[in-house]
Amino acid sequence: MEYSAILAELKKKNYRPVYLLQGDEPYFIDLIAHYIEKNVLDDAEKEFNQTILYGADTNVPSIISVAKRYPMMSDRMVLIIKEAQTIKKIEELESYVNNPLDSTILVICYKNKKVDKRTSFAKIIGKKGVLFDSARIRDYKIPEWISGYIAEKKYSASPKALQLLAEYLGNDLGKIVNELEKLMISLPPGTEITTDHIQQNIGISKDFNVFELNDALTKKDVVKANRIVNYFAANSKDHPMQMTLGALYSFFSKVLQVHFVSDKSKDNLARSLGVSPYFVQDYIVAGRNYPAAKLKAVFGYLREYDLKGKGVENESTEPGELLKELVWKILH
């Protein structure tokens, strides 16, 4: 089940006896567990009927013992196991999940790992409860996810704003949501979020960022590119070289793809590159300015300066100076 379908069921008070929430993206696991923790029981019921255990402090027999308790002055009992991935032999819960107590809601938060779906333990949970795989969202889909998230809150954002947020906040959904919530507090519902709003409320510069550096390199705008890398060099803590190199590698990888996509229509390129159609023309321009032979050299420079940034054949040159050298080589 998708997390949205699970939440929809919970909001209708359609509860399952067991929830195994597992996978690499903790945000969705926390979202579901938090909803159950806050909404299934009222405050008076929680005192006697809601228990939260942590994997490092419990074991399978203790979990089963609590799960088999009957609720007091309530129809249900909620048992949430956080950090369950640290529990040894968790599959031994099979004896309980095979015959769970109808009045107990057992929530197992199993982060950054997965139970083997081929085991009878997983199959029983899938049959009698909910087995939810929380997968990380691919980097190129982060702008789309942000757009969907803020749309639910009655906001929108310009394509450049979405890309800027994605570039600088990465794929940590918890971090992204925290920053978005702070941003939306200061803006009335219905607002279209712009790069100016992001700069004013989150502190990400709308002029000096990797997104704008890519734009300068695309157009071979030497003045703009140098202005940005000089800013990066002067503010290296906020703009670490390795993060910039990663963003440049991702950008030029997409430019290389442009050369090998036969159908260069806007929609097909957007699908092939995994970008918004809004940005397709930028990649077409970059493809013209960087033929395949030049891109081969660019990837060589990126590897070279990645190693230099890690101290290989470089004893004293600062990261900011290395970045300036790299950009000069890319542009010339």
# chains A, B, ... in the order shown; residues from 1 in each chain; ligands from 1
call {"tool": "closest_atom_pairs", "arguments": {"of": "stretch 1-61 of chain A", "to": "stretch 109-115 of chain A", "cutoff": "8 Å", "atoms": "only C-alpha atoms", "output": "Markdown table"}}
result
| residue | atom | partner | partner_atom | distance |
| --- | --- | --- | --- | --- |
| A:Leu20 | CA | A:Cys109 | CA | 6.4 |
| A:Leu21 | CA | A:Cys109 | CA | 5.1 |
| A:Gln22 | CA | A:Tyr110 | CA | 4.5 |
| A:Gly23 | CA | A:Asn112 | CA | 5.0 |
| A:Asp24 | CA | A:Asn112 | CA | 4.2 |
| A:Glu25 | CA | A:Asn112 | CA | 7.1 |
| A:Pro26 | CA | A:Lys111 | CA | 6.1 |
| A:Ile29 | CA | A:Cys109 | CA | 6.5 |
| A:Asp30 | CA | A:Cys109 | CA | 7.9 |
| A:Ala33 | CA | A:Cys109 | CA | 7.5 |
call {"tool": "write_last_selection", "arguments": {"atoms": "C-alpha atoms", "output": "PDB file, in the first residue's frame"}}
result
ATOM      1  CA  LEU A  20       5.180  -3.288   9.570  1.00  0.00           C
ATOM      2  CA  LEU A  21       6.618   0.008   8.306  1.00  0.00           C
ATOM      3  CA  GLN A  22      10.016  -0.631   6.768  1.00  0.00           C
ATOM      4  CA  GLY A  23      12.505   0.798   4.308  1.00  0.00           C
ATOM      5  CA  ASP A  24      15.055   3.503   3.546  1.00  0.00           C
ATOM      6  CA  GLU A  25      12.857   6.610   3.812  1.00  0.00           C
ATOM      7  CA  PRO A  26      12.151   7.352   7.495  1.00  0.00           C
ATOM      8  CA  ILE A  29       7.406   5.618   8.460  1.00  0.00           C
ATOM      9  CA  ASP A  30       7.344   8.447  10.998  1.00  0.00           C
ATOM     10  CA  ALA A  33       3.377   6.029  13.150  1.00  0.00           C
TER      11      ALA A  33
END
call {"tool": "residues_around", "arguments": {"residues": "A:Ser103", "least_positions_apart": "5", "cutoff": "10 Å", "atoms": "only C-alpha atoms", "output": "PyMOL selection string"}}
result
chain A and resi 15-17+67-71+74-78
call {"tool": "write_last_selection", "arguments": {"atoms": "N, CA and C atoms", "output": "compact mmCIF listing (two decimals), in the first residue's frame"}}
result
# COMPACT_ATOMS: atom_id res chain seq x y z
N TYR A 15 -8.78 0.25 11.06
CA TYR A 15 -7.48 -0.11 11.63
C TYR A 15 -7.14 -1.58 11.36
N ARG A 16 -5.85 -1.84 11.16
CA ARG A 16 -5.35 -3.20 10.99
C ARG A 16 -4.66 -3.63 12.29
N PRO A 17 -4.59 -4.93 12.57
CA PRO A 17 -3.97 -5.38 13.82
C PRO A 17 -2.45 -5.22 13.86
N ALA A 67 1.50 -6.78 23.73
CA ALA A 67 0.50 -6.85 22.66
C ALA A 67 -0.72 -7.67 23.06
N LYS A 68 -0.52 -8.62 23.97
CA LYS A 68 -1.62 -9.50 24.38
C LYS A 68 -2.48 -8.93 25.52
N ARG A 69 -2.12 -7.74 25.99
CA ARG A 69 -2.94 -7.12 27.03
C ARG A 69 -4.25 -6.63 26.45
N TYR A 70 -5.28 -6.70 27.25
CA TYR A 70 -6.57 -6.17 26.85
C TYR A 70 -6.67 -4.71 27.26
N PRO A 71 -7.34 -3.89 26.46
CA PRO A 71 -7.45 -2.46 26.79
C PRO A 71 -8.27 -2.22 28.06
N SER A 74 -11.41 1.20 27.17
CA SER A 74 -11.22 1.59 25.78
C SER A 74 -11.46 0.38 24.89
N ASP A 75 -11.74 0.62 23.63
CA ASP A 75 -11.94 -0.49 22.70
C ASP A 75 -10.62 -0.99 22.13
N ARG A 76 -9.58 -0.15 22.24
CA ARG A 76 -8.32 -0.51 21.58
C ARG A 76 -7.11 -0.23 22.47
N MET A 77 -6.04 -0.94 22.13
CA MET A 77 -4.74 -0.69 22.74
C MET A 77 -3.73 -0.51 21.61
N VAL A 78 -2.88 0.52 21.72
CA VAL A 78 -1.88 0.83 20.68
C VAL A 78 -0.49 0.54 21.23
call {"tool": "atom_distance", "arguments": {"atom1": "atom CA of A:Leu173", "atom2": "atom CA of A:Leu10"}}
result
21.8 Å
call {"tool": "residues_around", "arguments": {"residues": "stretch 176-186 of chain A", "least_positions_apart": "2", "cutoff": "10 Å", "atoms": "only C-alpha atoms", "output": "list in words"}}
result
Tyr27, Ile142, Ile146, Tyr149, Ile150, Lys153, Lys154, Tyr155, Leu165, Ala166, Tyr168, Leu169, Gly170, Asn171, Asp172, Leu173, Gly174, Pro188, Pro189, Thr191, Ile193, His197, Ile198, Gln200, Asn201 and Ile202 of chain A
